[in-house]
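Participant: Enclosed is the structure file run.pdb (PDB, C-alpha atoms, pLDDT in the B column).
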MODEL        1
ATOM      1  CA  MET R  22      55.338  14.023  28.877  1.00 46.00           C
ATOM      2  CA  GLU R  23      57.284  11.128  27.357  1.00 50.00           C
ATOM      3  CA  ASN R  24      54.648  10.673  24.644  1.00 54.00           C
ATOM      4  CA  MET R  25      55.372  14.154  23.297  1.00 55.00           C
ATOM      5  CA  GLN R  26      58.763  12.939  22.056  1.00 62.00           C
ATOM      6  CA  ASN R  27      57.088  10.476  19.694  1.00 65.00           C
ATOM      7  CA  VAL R  28      54.746  13.041  18.128  1.00 68.00           C
ATOM      8  CA  CYS R  29      55.461  13.760  14.479  1.00 72.00           C
ATOM      9  CA  LYS R  30      56.338  17.393  13.861  1.00 71.00           C
ATOM     10  CA  CYS R  31      55.810  17.296  10.099  1.00 74.00           C
ATOM     11  CA  PRO R  32      53.467  20.147   9.111  1.00 72.00           C
ATOM     12  CA  HIS R  33      51.619  18.149   6.460  1.00 70.00           C
ATOM     13  CA  HIS R  34      50.208  15.844   9.149  1.00 73.00           C
ATOM     14  CA  LYS R  35      48.324  18.806  10.641  1.00 79.00           C
ATOM     15  CA  VAL R  36      46.465  19.792   7.468  1.00 78.00           C
ATOM     16  CA  VAL R  37      43.650  17.220   7.641  1.00 76.00           C
ATOM     17  CA  PRO R  38      42.809  17.934  11.307  1.00 83.00           C
ATOM     18  CA  VAL R  39      42.712  21.657  10.505  1.00 85.00           C
ATOM     19  CA  LEU R  40      40.370  20.967   7.584  1.00 83.00           C
ATOM     20  CA  VAL R  41      38.100  18.895   9.853  1.00 85.00           C
ATOM     21  CA  ILE R  42      37.946  21.824  12.289  1.00 89.00           C
ATOM     22  CA  LEU R  43      37.116  24.205   9.429  1.00 89.00           C
ATOM     23  CA  PHE R  44      34.463  21.766   8.223  1.00 87.00           C
ATOM     24  CA  GLY R  45      32.822  21.810  11.643  1.00 90.00           C
ATOM     25  CA  LEU R  46      33.091  25.586  11.918  1.00 92.00           C
ATOM     26  CA  THR R  47      31.427  25.962   8.530  1.00 91.00           C
ATOM     27  CA  PHE R  48      28.332  24.111   9.739  1.00 91.00           C
ATOM     28  CA  LEU R  49      28.372  25.805  13.132  1.00 92.00           C
ATOM     29  CA  LEU R  50      28.499  29.277  11.602  1.00 91.00           C
ATOM     30  CA  GLY R  51      25.790  28.236   9.154  1.00 91.00           C
ATOM     31  CA  ALA R  52      23.597  27.081  12.029  1.00 93.00           C
ATOM     32  CA  TRP R  53      24.158  30.398  13.821  1.00 94.00           C
ATOM     33  CA  GLY R  54      23.158  32.305  10.700  1.00 93.00           C
ATOM     34  CA  THR R  55      26.623  33.810  10.124  1.00 93.00           C
ATOM     35  CA  PHE R  56      26.885  31.978   6.808  1.00 90.00           C
ATOM     36  CA  THR R  57      23.982  31.593   4.410  1.00 92.00           C
ATOM     37  CA  ALA R  58      22.898  28.131   3.338  1.00 90.00           C
ATOM     38  CA  SER R  59      24.354  28.848  -0.088  1.00 93.00           C
ATOM     39  CA  THR R  60      27.752  29.655   1.416  1.00 92.00           C
ATOM     40  CA  VAL R  61      27.760  26.497   3.554  1.00 91.00           C
ATOM     41  CA  ASN R  62      26.764  24.425   0.520  1.00 92.00           C
ATOM     42  CA  THR R  63      29.752  25.855  -1.347  1.00 93.00           C
ATOM     43  CA  ILE R  64      32.360  25.633   1.407  1.00 91.00           C
ATOM     44  CA  TRP R  65      31.890  22.094   2.722  1.00 90.00           C
ATOM     45  CA  PRO R  66      32.535  20.259  -0.570  1.00 92.00           C
ATOM     46  CA  VAL R  67      35.690  22.331  -1.077  1.00 91.00           C
ATOM     47  CA  LEU R  68      36.954  21.305   2.369  1.00 87.00           C
ATOM     48  CA  VAL R  69      36.218  17.637   1.664  1.00 87.00           C
ATOM     49  CA  ILE R  70      38.106  17.852  -1.643  1.00 89.00           C
ATOM     50  CA  LEU R  71      41.064  19.515   0.084  1.00 85.00           C
ATOM     51  CA  ALA R  72      41.133  16.821   2.782  1.00 81.00           C
ATOM     52  CA  GLY R  73      41.109  14.088   0.145  1.00 81.00           C
ATOM     53  CA  ALA R  74      43.846  15.777  -1.851  1.00 83.00           C
ATOM     54  CA  MET R  75      46.006  16.117   1.257  1.00 78.00           C
ATOM     55  CA  LYS R  76      45.576  12.426   2.064  1.00 75.00           C
ATOM     56  CA  LEU R  77      46.790  11.588  -1.439  1.00 77.00           C
ATOM     57  CA  ILE R  78      49.800  13.845  -1.030  1.00 74.00           C
ATOM     58  CA  ASP R  79      50.602  12.338   2.400  1.00 67.00           C
ATOM     59  CA  ARG R  80      51.066   8.931   0.817  1.00 61.00           C
ATOM     60  CA  SER R  81      53.799  10.145  -1.526  1.00 57.00           C
ATOM     61  CA  GLY R  82      56.514   9.659   1.106  1.00 58.00           C
ATOM     62  CA  MET R  83      57.169  13.317   1.865  1.00 57.00           C
ATOM     63  CA  CYS R  84      58.807  12.570   5.221  1.00 67.00           C
ATOM     64  CA  LYS R  85      60.620   9.816   7.048  1.00 66.00           C
ATOM     65  CA  CYS R  86      57.843   9.292   9.585  1.00 68.00           C
ATOM     66  CA  CYS R  87      55.254   8.089   7.068  1.00 58.00           C
TER      67      CYS R  87
ENDMDL
END
With the file now loaded, output its structure as structure tokens.
Facilitator:
Amino acid sequence: MENMQNVCKCPHHKVVPVLVILFGLTFLLGAWGTFTASTVNTIWPVLVILAGAMKLIDRSGMCKCC
């Protein structure tokens, strides 16, 4: 439990992992037929762009932990 004290609690550090999960869910739901191929082909590039944008924002020194 000592390691939990060193974990950053800044919310912007959680955005990219959430986007990766959404990215995976997009393909999983597409494979299950919940999403059409057209929907999957629209959603995944948007998630990649959002992840890249968040990485750029993270580097701007928004918190003391960075």
Participant: Given all atoms listed in the file as the basis, pick out the residue of R:Leu40, R:Cys29, R:Ala52, R:Leu46 nearest to Val69 in chain R.
Facilitator: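 Ranking R:Leu40, R:Cys29, R:Ala52, R:Leu46 by distance to Val69 in chain R, first place goes to R:Leu40.
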Participant: Measure the distance from CA of Leu68 in chain R to CA of Phe44 in chain R in Å and round it to one decimal.
Facilitator: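 For CA of Leu68 in chain R relative to CA of Phe44 in chain R, the distance reads 6.4 Å.
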Participant: Determine the nearest neighbour of Ala72 in chain R from the options R:Lys30, R:Thr47, R:Val37, R:Thr55, counting all atoms listed in the file.
Facilitator: R:Val37
Participant: Quick check, in Å to one decimal: how far apart do CA of Trp53 in chain R and CA of Pro38 in chain R lie?
Facilitator: 22.6 Å
Participant: What's around Ile70 in chain R at 12 Å? Count all atoms listed in the file, leave out sequence neighbours fewer than 5 positions away in its own chain, and write the answer as a PyMOL selection string.
Facilitator: chain R and resi 37+40-41+44+63-65+75-77
Participant: Figure out the distance between CA of His33 in chain R and CA of Ile78 in chain R, please, to one decimal in Å.
Facilitator: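 The value is 8.8 Å.
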Participant: Reconstruct range 25-54 of chain R at the level of N, CA and C atoms, and format the result as an mmCIF file, in the coordinates of the input.
Facilitator:
data_model
loop_
_atom_site.group_PDB
_atom_site.id
_atom_site.type_symbol
_atom_site.label_atom_id
_atom_site.label_comp_id
_atom_site.auth_asym_id
_atom_site.auth_seq_id
_atom_site.Cartn_x
_atom_site.Cartn_y
_atom_site.Cartn_z
ATOM 1 N N MET R 25 55.169 13.005 24.171
ATOM 2 C CA MET R 25 55.372 14.154 23.297
ATOM 3 C C MET R 25 56.622 13.997 22.431
ATOM 4 N N GLN R 26 57.555 13.155 22.843
ATOM 5 C CA GLN R 26 58.763 12.939 22.056
ATOM 6 C C GLN R 26 58.473 12.131 20.804
ATOM 7 N N ASN R 27 57.426 11.326 20.828
ATOM 8 C CA ASN R 27 57.088 10.476 19.694
ATOM 9 C C ASN R 27 56.109 11.126 18.727
ATOM 10 N N VAL R 28 55.707 12.351 18.979
ATOM 11 C CA VAL R 28 54.746 13.041 18.128
ATOM 12 C C VAL R 28 55.456 13.572 16.888
ATOM 13 N N CYS R 29 54.884 13.293 15.738
ATOM 14 C CA CYS R 29 55.461 13.760 14.479
ATOM 15 C C CYS R 29 55.313 15.278 14.378
ATOM 16 N N LYS R 30 56.359 15.944 13.981
ATOM 17 C CA LYS R 30 56.338 17.393 13.861
ATOM 18 C C LYS R 30 56.226 17.857 12.403
ATOM 19 N N CYS R 31 55.939 16.946 11.511
ATOM 20 C CA CYS R 31 55.810 17.296 10.099
ATOM 21 C C CYS R 31 54.531 18.119 9.889
ATOM 22 N N PRO R 32 54.640 19.284 9.254
ATOM 23 C CA PRO R 32 53.467 20.147 9.111
ATOM 24 C C PRO R 32 52.354 19.546 8.260
ATOM 25 N N HIS R 33 52.680 18.676 7.314
ATOM 26 C CA HIS R 33 51.619 18.149 6.460
ATOM 27 C C HIS R 33 50.696 17.189 7.195
ATOM 28 N N HIS R 34 51.081 16.704 8.356
ATOM 29 C CA HIS R 34 50.208 15.844 9.149
ATOM 30 C C HIS R 34 49.139 16.655 9.884
ATOM 31 N N LYS R 35 49.280 17.950 9.946
ATOM 32 C CA LYS R 35 48.324 18.806 10.641
ATOM 33 C C LYS R 35 47.249 19.366 9.716
ATOM 34 N N VAL R 36 47.395 19.180 8.423
ATOM 35 C CA VAL R 36 46.465 19.792 7.468
ATOM 36 C C VAL R 36 45.076 19.173 7.571
ATOM 37 N N VAL R 37 44.964 17.864 7.605
ATOM 38 C CA VAL R 37 43.650 17.220 7.641
ATOM 39 C C VAL R 37 42.904 17.557 8.936
ATOM 40 N N PRO R 38 43.555 17.507 10.116
ATOM 41 C CA PRO R 38 42.809 17.934 11.307
ATOM 42 C C PRO R 38 42.340 19.383 11.230
ATOM 43 N N VAL R 39 43.128 20.257 10.654
ATOM 44 C CA VAL R 39 42.712 21.657 10.505
ATOM 45 C C VAL R 39 41.510 21.739 9.573
ATOM 46 N N LEU R 40 41.508 20.965 8.505
ATOM 47 C CA LEU R 40 40.370 20.967 7.584
ATOM 48 C C LEU R 40 39.113 20.420 8.252
ATOM 49 N N VAL R 41 39.259 19.425 9.124
ATOM 50 C CA VAL R 41 38.100 18.895 9.853
ATOM 51 C C VAL R 41 37.518 19.973 10.771
ATOM 52 N N ILE R 42 38.399 20.728 11.438
ATOM 53 C CA ILE R 42 37.946 21.824 12.289
ATOM 54 C C ILE R 42 37.215 22.874 11.453
ATOM 55 N N LEU R 43 37.763 23.230 10.302
ATOM 56 C CA LEU R 43 37.116 24.205 9.429
ATOM 57 C C LEU R 43 35.770 23.691 8.928
ATOM 58 N N PHE R 44 35.706 22.399 8.656
ATOM 59 C CA PHE R 44 34.463 21.766 8.223
ATOM 60 C C PHE R 44 33.388 21.943 9.300
ATOM 61 N N GLY R 45 33.754 21.646 10.540
ATOM 62 C CA GLY R 45 32.822 21.810 11.643
ATOM 63 C C GLY R 45 32.414 23.262 11.851
ATOM 64 N N LEU R 46 33.389 24.164 11.756
ATOM 65 C CA LEU R 46 33.091 25.586 11.918
ATOM 66 C C LEU R 46 32.152 26.093 10.823
ATOM 67 N N THR R 47 32.305 25.562 9.632
ATOM 68 C CA THR R 47 31.427 25.962 8.530
ATOM 69 C C THR R 47 29.972 25.676 8.878
ATOM 70 N N PHE R 48 29.701 24.461 9.383
ATOM 71 C CA PHE R 48 28.332 24.111 9.739
ATOM 72 C C PHE R 48 27.858 24.853 10.979
ATOM 73 N N LEU R 49 28.751 25.073 11.937
ATOM 74 C CA LEU R 49 28.372 25.805 13.132
ATOM 75 C C LEU R 49 27.987 27.243 12.789
ATOM 76 N N LEU R 50 28.806 27.900 11.998
ATOM 77 C CA LEU R 50 28.499 29.277 11.602
ATOM 78 C C LEU R 50 27.254 29.345 10.726
ATOM 79 N N GLY R 51 27.025 28.306 9.935
ATOM 80 C CA GLY R 51 25.790 28.236 9.154
ATOM 81 C C GLY R 51 24.571 28.095 10.052
ATOM 82 N N ALA R 52 24.709 27.275 11.099
ATOM 83 C CA ALA R 52 23.597 27.081 12.029
ATOM 84 C C ALA R 52 23.309 28.359 12.814
ATOM 85 N N TRP R 53 24.327 29.143 13.095
ATOM 86 C CA TRP R 53 24.158 30.398 13.821
ATOM 87 C C TRP R 53 23.674 31.526 12.922
ATOM 88 N N GLY R 54 23.628 31.285 11.622
ATOM 89 C CA GLY R 54 23.158 32.305 10.700
ATOM 90 C C GLY R 54 24.248 33.245 10.211
#
